[in-house]
$ cat query.cif   # mmCIF, C-alpha atoms and all ligand atoms
data_protein
loop_
_atom_site.label_atom_id
_atom_site.label_comp_id
_atom_site.auth_asym_id
_atom_site.auth_seq_id
_atom_site.Cartn_x
_atom_site.Cartn_y
_atom_site.Cartn_z
CA MET D 49 50.40 -25.43 -74.76
CA GLY D 50 53.83 -25.85 -73.13
CA GLY D 51 56.67 -24.99 -75.47
CA VAL D 52 54.35 -24.11 -78.33
CA ARG D 53 53.99 -20.48 -79.21
CA ALA D 54 50.98 -18.82 -77.64
CA GLN D 55 48.42 -17.78 -80.18
CA PHE D 56 45.63 -15.46 -79.19
CA ALA D 57 43.85 -16.44 -82.37
CA THR D 58 40.65 -17.58 -80.69
CA PRO D 59 38.82 -15.76 -77.92
CA VAL D 60 39.97 -17.07 -74.57
CA ASN D 61 39.72 -16.03 -70.98
CA ILE D 62 43.32 -16.30 -69.92
CA GLU D 63 44.28 -16.65 -66.33
CA MET D 64 47.41 -17.22 -64.33
CA SER D 65 47.76 -17.90 -60.68
CA LEU D 66 43.97 -18.12 -60.43
CA TYR D 67 41.11 -16.16 -61.79
CA SER D 68 39.41 -15.06 -64.91
CA ILE D 69 36.00 -13.87 -65.85
CA ASN D 70 34.40 -12.30 -68.79
CA PHE D 71 37.06 -10.40 -70.56
CA PHE D 72 38.52 -11.94 -73.65
CA ALA D 73 40.53 -10.58 -76.52
CA HIS D 74 40.27 -11.53 -80.14
CA PHE D 75 43.49 -11.13 -82.04
CA ASP D 76 43.92 -12.50 -85.51
CA GLU D 77 47.67 -12.47 -85.52
CA VAL D 78 50.10 -14.80 -83.80
CA VAL D 79 51.96 -13.28 -80.86
CA GLY D 80 55.41 -14.79 -80.79
CA HIS D 81 56.39 -15.89 -77.29
CA PRO D 82 55.34 -18.93 -75.25
CA ALA D 83 52.90 -18.13 -72.46
CA ASP D 84 52.37 -21.70 -71.17
CA TYR D 85 48.66 -21.41 -71.97
CA ARG D 86 46.82 -24.41 -70.54
CA PRO D 87 43.22 -24.58 -71.74
CA HIS D 88 41.76 -26.56 -68.83
CA GLY D 89 38.51 -24.64 -68.87
CA TYR D 90 36.57 -22.70 -66.27
CA LEU D 91 33.57 -24.20 -64.53
CA PHE D 92 31.29 -21.70 -62.80
CA VAL D 93 29.05 -23.43 -60.26
CA ALA D 94 25.77 -21.73 -59.34
CA THR D 95 23.68 -22.40 -56.24
CA SER D 96 20.95 -19.78 -56.71
CA GLU D 97 18.74 -18.27 -59.40
CA GLN D 98 20.64 -15.02 -58.94
CA HIS D 99 23.88 -16.79 -59.93
CA MET D 100 22.16 -18.38 -62.92
CA ASN D 101 20.88 -14.99 -64.07
CA HIS D 102 24.38 -13.62 -63.79
CA LEU D 103 25.74 -16.51 -65.87
CA LYS D 104 22.96 -16.04 -68.42
CA ALA D 105 23.81 -12.37 -68.83
CA ASN D 106 27.51 -13.24 -69.19
CA HIS D 107 26.70 -15.96 -71.69
CA GLU D 108 24.68 -13.59 -73.86
CA ARG D 109 27.43 -11.02 -73.87
CA GLN D 110 30.14 -13.61 -74.52
CA ARG D 111 28.30 -15.03 -77.51
CA ALA D 112 27.52 -11.56 -78.86
CA LEU D 113 31.23 -10.74 -78.68
CA GLY D 114 32.29 -13.93 -80.45
CA LEU D 115 33.02 -16.43 -77.66
CA LYS D 116 30.73 -19.19 -78.88
CA ASN D 117 31.89 -22.18 -76.86
CA VAL D 118 30.62 -21.26 -73.39
CA GLU D 119 28.01 -23.87 -72.46
CA PHE D 120 25.44 -24.19 -69.72
CA VAL D 121 25.96 -27.35 -67.70
CA THR D 122 23.62 -29.27 -65.40
CA ARG D 123 24.37 -30.42 -61.89
CA GLU D 124 24.88 -33.94 -63.25
CA GLU D 125 27.41 -32.73 -65.80
CA ILE D 126 29.23 -30.73 -63.13
CA VAL D 127 29.45 -33.77 -60.86
CA LYS D 128 30.66 -35.89 -63.74
CA THR D 129 33.48 -33.41 -64.33
CA VAL D 130 34.51 -33.17 -60.66
CA PRO D 131 32.84 -36.03 -58.71
CA GLN D 132 34.36 -34.84 -55.41
CA LEU D 133 32.15 -31.71 -55.29
CA ARG D 134 29.36 -31.46 -52.71
CA ALA D 135 26.48 -30.95 -55.10
CA ASP D 136 23.25 -30.97 -53.06
CA ASP D 137 22.76 -27.19 -53.51
CA ILE D 138 24.16 -26.86 -57.05
CA ILE D 139 21.55 -25.89 -59.64
CA GLY D 140 23.77 -25.53 -62.73
CA GLY D 141 26.65 -23.59 -64.16
CA THR D 142 28.67 -22.71 -67.23
CA PHE D 143 31.76 -24.25 -68.74
CA CYS D 144 34.14 -22.78 -71.31
CA PRO D 145 36.83 -25.23 -72.48
CA THR D 146 39.17 -22.59 -73.93
CA ASP D 147 39.40 -20.71 -70.64
CA GLY D 148 42.62 -21.58 -68.92
CA PHE D 149 45.84 -20.49 -67.33
CA VAL D 150 49.00 -18.79 -68.49
CA ASP D 151 52.30 -18.22 -66.78
CA PRO D 152 52.33 -14.47 -66.01
CA HIS D 153 56.11 -14.25 -65.92
CA SER D 154 56.32 -15.70 -69.44
CA VAL D 155 53.66 -13.25 -70.60
CA MET D 156 55.65 -10.36 -69.17
CA MET D 157 58.90 -11.62 -70.70
CA GLY D 158 57.12 -12.00 -74.04
CA PHE D 159 55.97 -8.40 -74.01
CA MET D 160 59.40 -7.16 -72.94
CA LEU D 161 61.27 -9.16 -75.58
CA SER D 162 58.82 -8.20 -78.33
CA ALA D 163 59.15 -4.56 -77.40
CA ARG D 164 62.92 -4.85 -77.48
CA GLU D 165 62.83 -6.59 -80.86
CA ARG D 166 60.88 -3.62 -82.15
CA GLY D 167 63.41 -1.11 -80.91
CA ALA D 168 62.24 -0.26 -77.39
CA ARG D 169 64.96 0.31 -74.81
CA LEU D 170 64.24 -1.19 -71.39
CA TRP D 171 65.76 0.36 -68.28
CA LEU D 172 65.70 -2.23 -65.52
CA ASP D 173 66.08 -1.37 -61.82
CA THR D 174 65.14 2.21 -62.57
CA GLU D 175 62.70 4.16 -60.46
CA VAL D 176 60.49 6.96 -61.71
CA VAL D 177 60.81 9.73 -59.12
CA GLY D 178 59.08 12.62 -60.88
CA ILE D 179 56.99 13.64 -63.88
CA ASP D 180 57.54 17.11 -65.29
CA VAL D 181 54.45 18.89 -66.51
CA GLU D 182 54.67 22.20 -68.39
CA ASN D 183 51.56 24.15 -69.38
CA GLY D 184 49.32 21.13 -68.79
CA ARG D 185 51.52 18.80 -70.91
CA VAL D 186 54.00 16.12 -69.99
CA ALA D 187 57.53 17.38 -70.68
CA GLY D 188 59.72 14.68 -69.15
CA VAL D 189 60.25 11.99 -66.56
CA GLU D 190 62.80 12.07 -63.75
CA THR D 191 64.27 8.69 -62.95
CA SER D 192 66.94 7.25 -60.69
CA ARG D 193 69.09 7.06 -63.85
CA GLY D 194 68.44 10.57 -65.02
CA ARG D 195 65.88 12.59 -66.94
CA VAL D 196 64.03 11.48 -70.07
CA GLU D 197 62.52 14.15 -72.33
CA THR D 198 59.19 12.95 -73.61
CA ARG D 199 55.73 14.14 -74.57
CA ALA D 200 54.03 10.84 -73.69
CA VAL D 201 54.18 8.79 -70.48
CA VAL D 202 52.25 5.63 -69.69
CA ASN D 203 51.62 5.04 -66.01
CA ALA D 204 51.75 1.24 -65.75
CA SER D 205 52.86 1.03 -62.14
CA GLY D 206 50.30 -1.43 -60.80
CA ALA D 207 49.44 -1.05 -57.12
CA TRP D 208 51.69 2.06 -56.95
CA ALA D 209 49.76 3.86 -59.69
CA SER D 210 48.29 6.60 -57.54
CA ASP D 211 51.75 7.57 -56.19
CA VAL D 212 53.09 7.84 -59.74
CA ALA D 213 50.05 9.84 -60.93
CA ARG D 214 50.53 12.21 -58.02
CA MET D 215 54.00 13.03 -59.39
CA ALA D 216 52.12 14.77 -62.22
CA GLY D 217 49.66 16.35 -59.79
CA VAL D 218 46.85 13.97 -60.71
CA ASP D 219 44.59 12.02 -58.34
CA LEU D 220 44.12 8.42 -59.47
CA PRO D 221 41.73 6.23 -57.47
CA VAL D 222 43.82 3.04 -57.34
CA VAL D 223 44.47 1.34 -54.01
CA PRO D 224 46.54 -1.74 -53.13
CA LEU D 225 44.63 -4.72 -51.75
CA ARG D 226 46.28 -7.89 -50.52
CA ARG D 227 45.36 -11.11 -52.26
CA GLN D 228 46.47 -14.49 -50.86
CA LEU D 229 46.88 -17.89 -52.51
CA VAL D 230 47.28 -21.25 -50.81
CA PRO D 231 48.66 -24.32 -52.59
CA THR D 232 48.19 -27.73 -50.96
CA GLU D 233 50.86 -30.35 -50.68
CA PRO D 234 50.63 -32.99 -53.47
CA PHE D 235 47.01 -34.14 -53.45
CA ASP D 236 45.72 -37.11 -55.44
CA GLN D 237 42.09 -37.25 -54.35
CA LEU D 238 40.98 -34.91 -57.14
CA PRO D 239 41.26 -35.74 -60.87
CA SER D 240 44.66 -35.28 -62.48
CA ARG D 241 43.07 -32.77 -64.85
CA PHE D 242 39.96 -30.74 -64.23
CA PRO D 243 38.82 -27.16 -64.94
CA MET D 244 39.17 -24.32 -62.55
CA VAL D 245 36.03 -24.53 -60.43
CA ILE D 246 34.45 -21.34 -59.12
CA ASP D 247 31.95 -21.86 -56.29
CA MET D 248 29.68 -18.86 -56.75
CA SER D 249 28.14 -19.30 -53.30
CA THR D 250 31.36 -18.21 -51.54
CA GLY D 251 33.73 -17.10 -54.31
CA PHE D 252 36.08 -19.96 -53.36
CA HIS D 253 37.86 -21.32 -56.45
CA PHE D 254 40.47 -23.95 -57.04
CA ARG D 255 42.43 -25.71 -59.72
CA ARG D 256 45.22 -28.17 -60.18
CA GLU D 257 48.77 -26.86 -60.27
CA GLY D 258 50.92 -29.88 -60.99
CA ARG D 259 50.38 -32.39 -58.18
CA ARG D 260 49.11 -29.67 -55.87
CA ILE D 261 45.75 -27.93 -55.70
CA LEU D 262 45.81 -24.13 -55.74
CA LEU D 263 43.16 -22.65 -53.45
CA ALA D 264 41.93 -19.07 -53.79
CA TRP D 265 39.34 -16.93 -52.14
CA ASN D 266 38.82 -13.19 -51.93
CA ASP D 267 38.60 -12.36 -48.23
CA PRO D 268 35.96 -9.61 -47.84
CA GLU D 269 37.59 -8.59 -44.55
CA GLU D 270 40.84 -7.63 -46.28
CA THR D 271 41.59 -3.90 -46.00
CA PRO D 272 43.60 -1.73 -48.44
CA GLY D 273 47.31 -1.24 -47.87
CA PHE D 274 50.75 -2.30 -49.04
CA LYS D 275 50.61 -5.62 -47.18
CA THR D 276 52.50 -8.42 -48.87
CA GLU D 277 53.15 -10.76 -45.96
CA PHE D 278 51.02 -13.91 -45.93
CA ASP D 279 48.62 -14.04 -42.96
CA PRO D 280 48.56 -17.59 -41.46
CA ALA D 281 45.02 -16.93 -40.15
CA PHE D 282 43.87 -16.94 -43.78
CA ILE D 283 44.49 -20.69 -44.02
CA GLU D 284 41.66 -21.66 -41.71
CA LYS D 285 39.32 -19.22 -43.45
CA ILE D 286 40.00 -20.62 -46.89
CA LEU D 287 40.02 -24.26 -45.80
CA THR D 288 36.55 -23.80 -44.29
CA ARG D 289 35.24 -22.69 -47.73
CA ALA D 290 37.24 -25.41 -49.47
CA ALA D 291 35.99 -28.28 -47.31
CA SER D 292 32.41 -27.05 -47.54
CA ARG D 293 32.41 -27.44 -51.35
CA VAL D 294 35.01 -30.20 -51.72
CA PRO D 295 34.84 -32.34 -48.55
CA CYS D 296 37.96 -34.36 -49.41
CA LEU D 297 40.02 -31.16 -49.27
CA GLU D 298 39.66 -31.43 -45.50
CA GLU D 299 42.43 -34.01 -45.77
CA ALA D 300 44.70 -31.81 -47.85
CA GLU D 301 47.91 -30.67 -46.19
CA VAL D 302 48.96 -27.08 -46.49
CA ASN D 303 52.49 -25.79 -46.10
CA THR D 304 52.39 -22.14 -45.03
CA GLN D 305 55.84 -21.65 -46.55
CA ARG D 306 54.35 -22.16 -50.01
CA ALA D 307 51.40 -19.81 -49.48
CA TRP D 308 51.90 -16.27 -50.71
CA ALA D 309 50.38 -12.83 -50.96
CA GLY D 310 50.51 -10.10 -53.58
CA LEU D 311 48.72 -6.87 -54.32
CA TYR D 312 45.63 -6.28 -56.40
CA GLU D 313 45.35 -2.74 -57.77
CA MET D 314 41.74 -1.82 -57.04
CA THR D 315 39.56 0.94 -58.49
CA PRO D 316 36.21 1.96 -56.99
CA ASP D 317 34.24 0.04 -59.65
CA HIS D 318 36.80 -2.77 -60.10
CA HIS D 319 37.40 -1.90 -63.73
CA ALA D 320 40.61 -0.70 -65.32
CA ILE D 321 41.43 2.95 -65.89
CA ILE D 322 42.71 3.34 -69.44
CA GLY D 323 43.13 6.64 -71.26
CA GLU D 324 44.72 10.06 -71.12
CA ALA D 325 44.58 12.17 -67.96
CA PRO D 326 41.98 14.94 -68.54
CA SER D 327 44.18 17.57 -66.88
CA VAL D 328 47.63 16.57 -68.21
CA SER D 329 48.02 15.84 -71.91
CA GLY D 330 50.48 13.12 -72.71
CA LEU D 331 49.93 11.27 -69.42
CA PHE D 332 48.25 7.94 -70.17
CA PHE D 333 46.87 5.50 -67.63
CA ALA D 334 47.01 1.72 -67.90
CA ASN D 335 46.02 1.09 -64.33
CA GLY D 336 43.62 -0.34 -61.80
CA PHE D 337 43.00 -3.76 -63.33
CA SER D 338 41.57 -4.90 -59.99
CA GLY D 339 43.04 -8.38 -60.30
CA HIS D 340 42.38 -8.88 -64.02
CA GLY D 341 45.58 -7.31 -65.33
CA VAL D 342 47.23 -10.35 -66.90
CA MET D 343 44.10 -11.23 -68.83
CA HIS D 344 43.67 -7.67 -69.95
CA SER D 345 47.29 -7.08 -70.89
CA PRO D 346 47.21 -7.85 -74.66
CA ALA D 347 44.17 -5.63 -75.18
CA THR D 348 45.54 -2.91 -72.91
CA GLY D 349 48.80 -2.71 -74.83
CA ARG D 350 47.00 -2.32 -78.09
CA ILE D 351 44.48 0.23 -76.79
CA VAL D 352 47.10 2.42 -75.13
CA SER D 353 49.41 2.37 -78.16
CA GLU D 354 46.50 3.35 -80.42
CA LEU D 355 45.43 6.13 -78.07
CA ILE D 356 48.95 7.57 -78.14
CA LEU D 357 49.51 7.20 -81.88
CA GLN D 358 46.03 7.76 -83.30
CA GLY D 359 44.05 9.45 -80.54
CA GLU D 360 41.49 6.65 -80.42
CA ALA D 361 41.37 2.89 -80.04
CA SER D 362 40.12 0.58 -82.77
CA LEU D 363 39.76 -2.50 -80.57
CA LEU D 364 36.96 -1.02 -78.49
CA ASP D 365 35.55 2.31 -77.40
CA ALA D 366 37.97 3.18 -74.60
CA LYS D 367 36.10 6.29 -73.43
CA PRO D 368 34.07 4.47 -70.74
CA LEU D 369 37.37 3.36 -69.17
CA GLY D 370 38.63 6.95 -68.72
CA VAL D 371 39.40 8.18 -65.20
CA GLU D 372 36.85 10.98 -65.59
CA ARG D 373 34.07 8.41 -65.12
CA PHE D 374 34.54 8.62 -61.33
CA ALA D 375 34.06 12.39 -61.18
CA GLU D 376 31.14 12.18 -63.62
CA GLY D 377 29.42 9.32 -61.76
CA ARG D 378 29.62 6.94 -64.74
CA LEU D 379 30.86 3.95 -62.80
CA LEU D 380 31.00 0.61 -64.56
CA GLU D 381 29.57 -2.43 -62.86
CA GLU D 382 31.71 -5.44 -62.02
CA THR D 383 30.35 -7.89 -59.50
CA SER D 384 32.69 -10.76 -60.31
CA VAL D 385 35.95 -9.93 -58.60
CA LEU D 386 37.41 -13.19 -57.37
C1 LIG B 1 47.79 -13.27 -55.93
C2 LIG B 1 47.39 -12.61 -57.24
C3 LIG B 1 46.74 -13.36 -58.19
C4 LIG B 1 46.39 -12.78 -59.40
N1 LIG B 1 45.76 -13.53 -60.32
C5 LIG B 1 45.46 -12.98 -61.53
C6 LIG B 1 44.87 -13.78 -62.53
O1 LIG B 1 44.61 -14.95 -62.33
N2 LIG B 1 44.58 -13.23 -63.71
C7 LIG B 1 44.85 -11.92 -63.97
O2 LIG B 1 44.58 -11.47 -65.07
N3 LIG B 1 45.40 -11.14 -63.04
C8 LIG B 1 45.70 -11.65 -61.82
N4 LIG B 1 46.26 -10.86 -60.86
C9 LIG B 1 46.40 -9.43 -61.11
C10 LIG B 1 47.60 -9.10 -61.97
O3 LIG B 1 48.77 -9.66 -61.40
C11 LIG B 1 47.72 -7.60 -62.07
O4 LIG B 1 46.49 -7.05 -62.50
C12 LIG B 1 48.81 -7.24 -63.08
O5 LIG B 1 50.05 -7.73 -62.65
C13 LIG B 1 48.90 -5.75 -63.28
O6 LIG B 1 49.94 -5.54 -64.20
P1 LIG B 1 50.66 -4.14 -64.27
O7 LIG B 1 51.74 -4.30 -65.27
O8 LIG B 1 49.63 -3.08 -64.44
O9 LIG B 1 51.26 -3.92 -62.82
P2 LIG B 1 52.39 -4.74 -62.07
O10 LIG B 1 52.50 -6.12 -62.60
O11 LIG B 1 52.15 -4.56 -60.61
O12 LIG B 1 53.70 -3.97 -62.49
C14 LIG B 1 53.89 -2.64 -62.05
C15 LIG B 1 55.37 -2.40 -62.02
O13 LIG B 1 55.60 -1.00 -61.83
C16 LIG B 1 56.72 -0.90 -60.98
N5 LIG B 1 56.72 0.43 -60.35
C17 LIG B 1 55.91 0.91 -59.39
N6 LIG B 1 56.25 2.19 -59.09
C18 LIG B 1 57.31 2.49 -59.87
C19 LIG B 1 58.12 3.65 -60.02
N7 LIG B 1 57.93 4.77 -59.29
N8 LIG B 1 59.14 3.62 -60.92
C20 LIG B 1 59.38 2.51 -61.67
N9 LIG B 1 58.62 1.39 -61.58
C21 LIG B 1 57.61 1.39 -60.68
C22 LIG B 1 56.55 -2.02 -59.98
O14 LIG B 1 57.78 -2.31 -59.35
C23 LIG B 1 56.08 -3.14 -60.89
O15 LIG B 1 57.19 -3.83 -61.42
C24 LIG B 1 46.66 -11.40 -59.65
C25 LIG B 1 47.32 -10.66 -58.67
C26 LIG B 1 47.69 -11.25 -57.49
C27 LIG B 1 48.41 -10.43 -56.46
#

$ encode --input "query.cif" --output "structure tokens" --more "lines below"
Ligand SMILES: Cc1cc2nc3c(=O)[nH]c(=O)nc-3n(C[C@H](O)[C@H](O)[C@H](O)COP(=O)(O)OP(=O)(O)OC[C@H]3O[C@@H](n4cnc5c(N)ncnc54)[C@H](O)[C@@H]3O)c2cc1C
Amino acid sequence: MGGVRAQFATPVNIEMSLYSINFFAHFDEVVGHPADYRPHGYLFVATSEQHMNHLKANHERQRALGLKNVEFVTREEIVKTVPQLRADDIIGGTFCPTDGFVDPHSVMMGFMLSARERGARLWLDTEVVGIDVENGRVAGVETSRGRVETRAVVNASGAWASDVARMAGVDLPVVPLRRQLVPTEPFDQLPSRFPMVIDMSTGFHFRREGRRILLAWNDPEETPGFKTEFDPAFIEKILTRAASRVPCLEEAEVNTQRAWAGLYEMTPDHHAIIGEAPSVSGLFFANGFSGHGVMHSPATGRIVSELILQGEASLLDAKPLGVERFAEGRLLEETSVL
């Protein structure tokens, strides 16, 4: 959508530096900042009946929730879309043309500017160093710029969420997990425009990013920790998966200087934790998005603001997302973490 204003007027799976799955938000109003939304579509490629069953279940839920344009596609249609795929084991897939990518920095700036326009004051370069709790209620926040008296605090500190929760004496099961992305050098052997392709047999997924191809894969050997350096050994691992599904990618050049790593903020069931802390009133969590946080951000903002102002969310029933689900054994299921 480029310089056009982003409109979340139709259900879309938005995505940024790679990734999306089944969450979509349906907002009827126009949100007023560009997000560089590029609706290139998502193409899920299945190689087993188990994958197809997963896609069927997703498809049913998506349609029930209003996303009507997800289609099943045959192997032939998949190959027509991306002829460079190795397709001998592909049995089908799904395609949604309004899935796509956004620029996460623009999304963040949009939220910040909108908040400011509505009277919020933003303190940049300010660290939260303590949360004061009195009689089971939030009373204030200690920061590197001084104390703020408040009865409501939203923990939105990403991979650092459990450290911040601990300041209020609360255990929050969110751990940092490194996630690495590898762009190729300019590569012209794939179409100039094609959807993001998700190879369900390995989890390898790729898409075009300008003249380059962005390669992504969730390494199951990765271990939790605040690791943000890129591991050069990852390149061979991901290129093996890439070349297996897209043989011409064997010829792609990769510059390690362009590869990068960041932190996912993982929960035990890979679903977000949204809601008030059971033991500290006024402490709200917007945490643990497990790699889906950009997609979930419009809905999260609305849910959390409604929880604070009205005590319940109108967008969806937020209770299943509460942190108490872990203690009560009510884990949610999410098998599609890319
Ligand atoms: C490589 C990679 C690819 C990804 N791809 C996608 C994708 O395609 N789609 C998608 O939806 N999501 C994706 N994600 C996940 C997404 O980036 C996160 O889910 C999202 O950024 C979480 O947003 P957040 O605001 O909760 O946390 P963050 O964006 O991490 O922001 C938390 C902020 O809190 C600050 N903070 C921490 N502690 C303190 C403190 N004590 N005081 C003050 N500030 C503090 C941090 O400095 C940080 O600025 C990806 C992540 C990575 C690493």

$ residues_around --input "query.cif" --residues "Val245 in chain D" --least-positions-apart "3" --cutoff "10 Å" --atoms "all atoms listed in the file" --output "list in words"
Tyr67, Gly89, Tyr90, Leu91, Phe92, Val93, Ile126, Val130, Leu133, Phe143, Phe242, Met248, Gly251, Phe252, His253, Phe254, Arg255 and Arg256 of chain D

$ residues_near_ligand --input "query.cif" --ligand "ligand LIG 1 (chain B)" --cutoff "7 Å" --atoms "all atoms listed in the file" --output "PDB file with C-alpha atoms, in the frame of the given file"
ATOM      1  CA  ILE D  62      43.320 -16.300 -69.920  1.00  0.00           C
ATOM      2  CA  GLU D  63      44.280 -16.650 -66.330  1.00  0.00           C
ATOM      3  CA  MET D  64      47.410 -17.220 -64.330  1.00  0.00           C
ATOM      4  CA  SER D  65      47.760 -17.900 -60.680  1.00  0.00           C
ATOM      5  CA  LEU D  66      43.970 -18.120 -60.430  1.00  0.00           C
ATOM      6  CA  TYR D  67      41.110 -16.160 -61.790  1.00  0.00           C
ATOM      7  CA  SER D  68      39.410 -15.060 -64.910  1.00  0.00           C
ATOM      8  CA  THR D 174      65.140   2.210 -62.570  1.00  0.00           C
ATOM      9  CA  GLU D 175      62.700   4.160 -60.460  1.00  0.00           C
ATOM     10  CA  VAL D 176      60.490   6.960 -61.710  1.00  0.00           C
ATOM     11  CA  VAL D 177      60.810   9.730 -59.120  1.00  0.00           C
ATOM     12  CA  ALA D 204      51.750   1.240 -65.750  1.00  0.00           C
ATOM     13  CA  SER D 205      52.860   1.030 -62.140  1.00  0.00           C
ATOM     14  CA  GLY D 206      50.300  -1.430 -60.800  1.00  0.00           C
ATOM     15  CA  ALA D 207      49.440  -1.050 -57.120  1.00  0.00           C
ATOM     16  CA  TRP D 208      51.690   2.060 -56.950  1.00  0.00           C
ATOM     17  CA  ALA D 209      49.760   3.860 -59.690  1.00  0.00           C
ATOM     18  CA  VAL D 212      53.090   7.840 -59.740  1.00  0.00           C
ATOM     19  CA  ARG D 226      46.280  -7.890 -50.520  1.00  0.00           C
ATOM     20  CA  ARG D 227      45.360 -11.110 -52.260  1.00  0.00           C
ATOM     21  CA  GLN D 228      46.470 -14.490 -50.860  1.00  0.00           C
ATOM     22  CA  LEU D 229      46.880 -17.890 -52.510  1.00  0.00           C
ATOM     23  CA  ALA D 309      50.380 -12.830 -50.960  1.00  0.00           C
ATOM     24  CA  GLY D 310      50.510 -10.100 -53.580  1.00  0.00           C
ATOM     25  CA  LEU D 311      48.720  -6.870 -54.320  1.00  0.00           C
ATOM     26  CA  TYR D 312      45.630  -6.280 -56.400  1.00  0.00           C
ATOM     27  CA  GLU D 313      45.350  -2.740 -57.770  1.00  0.00           C
ATOM     28  CA  ALA D 334      47.010   1.720 -67.900  1.00  0.00           C
ATOM     29  CA  ASN D 335      46.020   1.090 -64.330  1.00  0.00           C
ATOM     30  CA  PHE D 337      43.000  -3.760 -63.330  1.00  0.00           C
ATOM     31  CA  SER D 338      41.570  -4.900 -59.990  1.00  0.00           C
ATOM     32  CA  GLY D 339      43.040  -8.380 -60.300  1.00  0.00           C
ATOM     33  CA  HIS D 340      42.380  -8.880 -64.020  1.00  0.00           C
ATOM     34  CA  GLY D 341      45.580  -7.310 -65.330  1.00  0.00           C
ATOM     35  CA  VAL D 342      47.230 -10.350 -66.900  1.00  0.00           C
ATOM     36  CA  MET D 343      44.100 -11.230 -68.830  1.00  0.00           C
ATOM     37  CA  HIS D 344      43.670  -7.670 -69.950  1.00  0.00           C
TER      38      HIS D 344
END

$ closest_residue --input "query.cif" --among "D:Glu197, D:Pro131, D:Ser249, D:Gly167" --to "Glu97 in chain D" --atoms "all atoms listed in the file"
D:Ser249

$ atom_distance --input "query.cif" --atom1 "CA of Phe332 in chain D" --atom2 "CA of Arg378 in chain D"
19.4 Å

$ closest_residue --input "query.cif" --among "D:Pro82, D:Gly370, D:Val223, D:Ser329" --to "Val181 in chain D" --atoms "all atoms listed in the file"
D:Ser329

$ atom_distance --input "query.cif" --atom1 "CA of Thr348 in chain D" --atom2 "CA of Pro268 in chain D"
27.7 Å

$ residues_around --input "query.cif" --residues "Phe333 in chain D" --least-positions-apart "5" --cutoff "9 Å" --atoms "only C-alpha atoms" --output "count of residues only"
14

$ residues_around --input "query.cif" --residues "Leu364 in chain D" --least-positions-apart "6" --cutoff "12 Å" --atoms "all atoms listed in the file" --output "mmCIF file with C-alpha atoms, keeping the file's coordinate frame"
data_model
loop_
_atom_site.group_PDB
_atom_site.id
_atom_site.type_symbol
_atom_site.label_atom_id
_atom_site.label_comp_id
_atom_site.auth_asym_id
_atom_site.auth_seq_id
_atom_site.Cartn_x
_atom_site.Cartn_y
_atom_site.Cartn_z
ATOM 1 C CA ALA D 73 40.530 -10.580 -76.520
ATOM 2 C CA HIS D 74 40.270 -11.530 -80.140
ATOM 3 C CA LEU D 113 31.230 -10.740 -78.680
ATOM 4 C CA ILE D 322 42.710 3.340 -69.440
ATOM 5 C CA ALA D 347 44.170 -5.630 -75.180
ATOM 6 C CA THR D 348 45.540 -2.910 -72.910
ATOM 7 C CA ARG D 350 47.000 -2.320 -78.090
ATOM 8 C CA ILE D 351 44.480 0.230 -76.790
ATOM 9 C CA VAL D 352 47.100 2.420 -75.130
ATOM 10 C CA GLU D 354 46.500 3.350 -80.420
ATOM 11 C CA LEU D 355 45.430 6.130 -78.070
#

$ residues_around --input "query.cif" --residues "Pro326 in chain D" --least-positions-apart "4" --cutoff "12 Å" --atoms "all atoms listed in the file" --output "mmCIF file with C-alpha atoms, in the frame of the given file"
data_model
loop_
_atom_site.group_PDB
_atom_site.id
_atom_site.type_symbol
_atom_site.label_atom_id
_atom_site.label_comp_id
_atom_site.auth_asym_id
_atom_site.auth_seq_id
_atom_site.Cartn_x
_atom_site.Cartn_y
_atom_site.Cartn_z
ATOM 1 C CA GLY D 184 49.320 21.130 -68.790
ATOM 2 C CA ARG D 185 51.520 18.800 -70.910
ATOM 3 C CA ALA D 216 52.120 14.770 -62.220
ATOM 4 C CA GLY D 217 49.660 16.350 -59.790
ATOM 5 C CA VAL D 218 46.850 13.970 -60.710
ATOM 6 C CA ASP D 219 44.590 12.020 -58.340
ATOM 7 C CA LEU D 220 44.120 8.420 -59.470
ATOM 8 C CA ILE D 322 42.710 3.340 -69.440
ATOM 9 C CA GLY D 330 50.480 13.120 -72.710
ATOM 10 C CA LEU D 331 49.930 11.270 -69.420
ATOM 11 C CA PHE D 332 48.250 7.940 -70.170
ATOM 12 C CA PHE D 333 46.870 5.500 -67.630
ATOM 13 C CA LYS D 367 36.100 6.290 -73.430
ATOM 14 C CA GLY D 370 38.630 6.950 -68.720
ATOM 15 C CA VAL D 371 39.400 8.180 -65.200
ATOM 16 C CA GLU D 372 36.850 10.980 -65.590
ATOM 17 C CA ARG D 373 34.070 8.410 -65.120
ATOM 18 C CA ALA D 375 34.060 12.390 -61.180
#

$ axis_aligned_box --input "query.cif" --around "range 303-312 of chain D" --padding-each-side "5 Å" --output "lines of an AutoDock Vina configuration file"
center_x = 50.7
center_y = -16.0
center_z = -50.7
size_x = 20.2
size_y = 29.5
size_z = 21.4

$ atom_distance --input "query.cif" --atom1 "CA of Tyr85 in chain D" --atom2 "CA of Val150 in chain D"
4.4 Å

$ closest_residue --input "query.cif" --among "D:Asp365, D:Asp180, D:Glu284, D:Glu233" --to "Asp267 in chain D" --atoms "all atoms listed in the file"
D:Glu284

$ closest_residue --input "query.cif" --among "D:Glu299, D:Leu225, D:Leu357, D:Ala291" --to "Glu269 in chain D" --atoms "only C-alpha atoms"
D:Leu225

$ closest_residue --input "query.cif" --among "D:Pro221, D:Gly141, D:Pro316, D:Pro295" --to "Val118 in chain D" --atoms "all atoms listed in the file"
D:Gly141
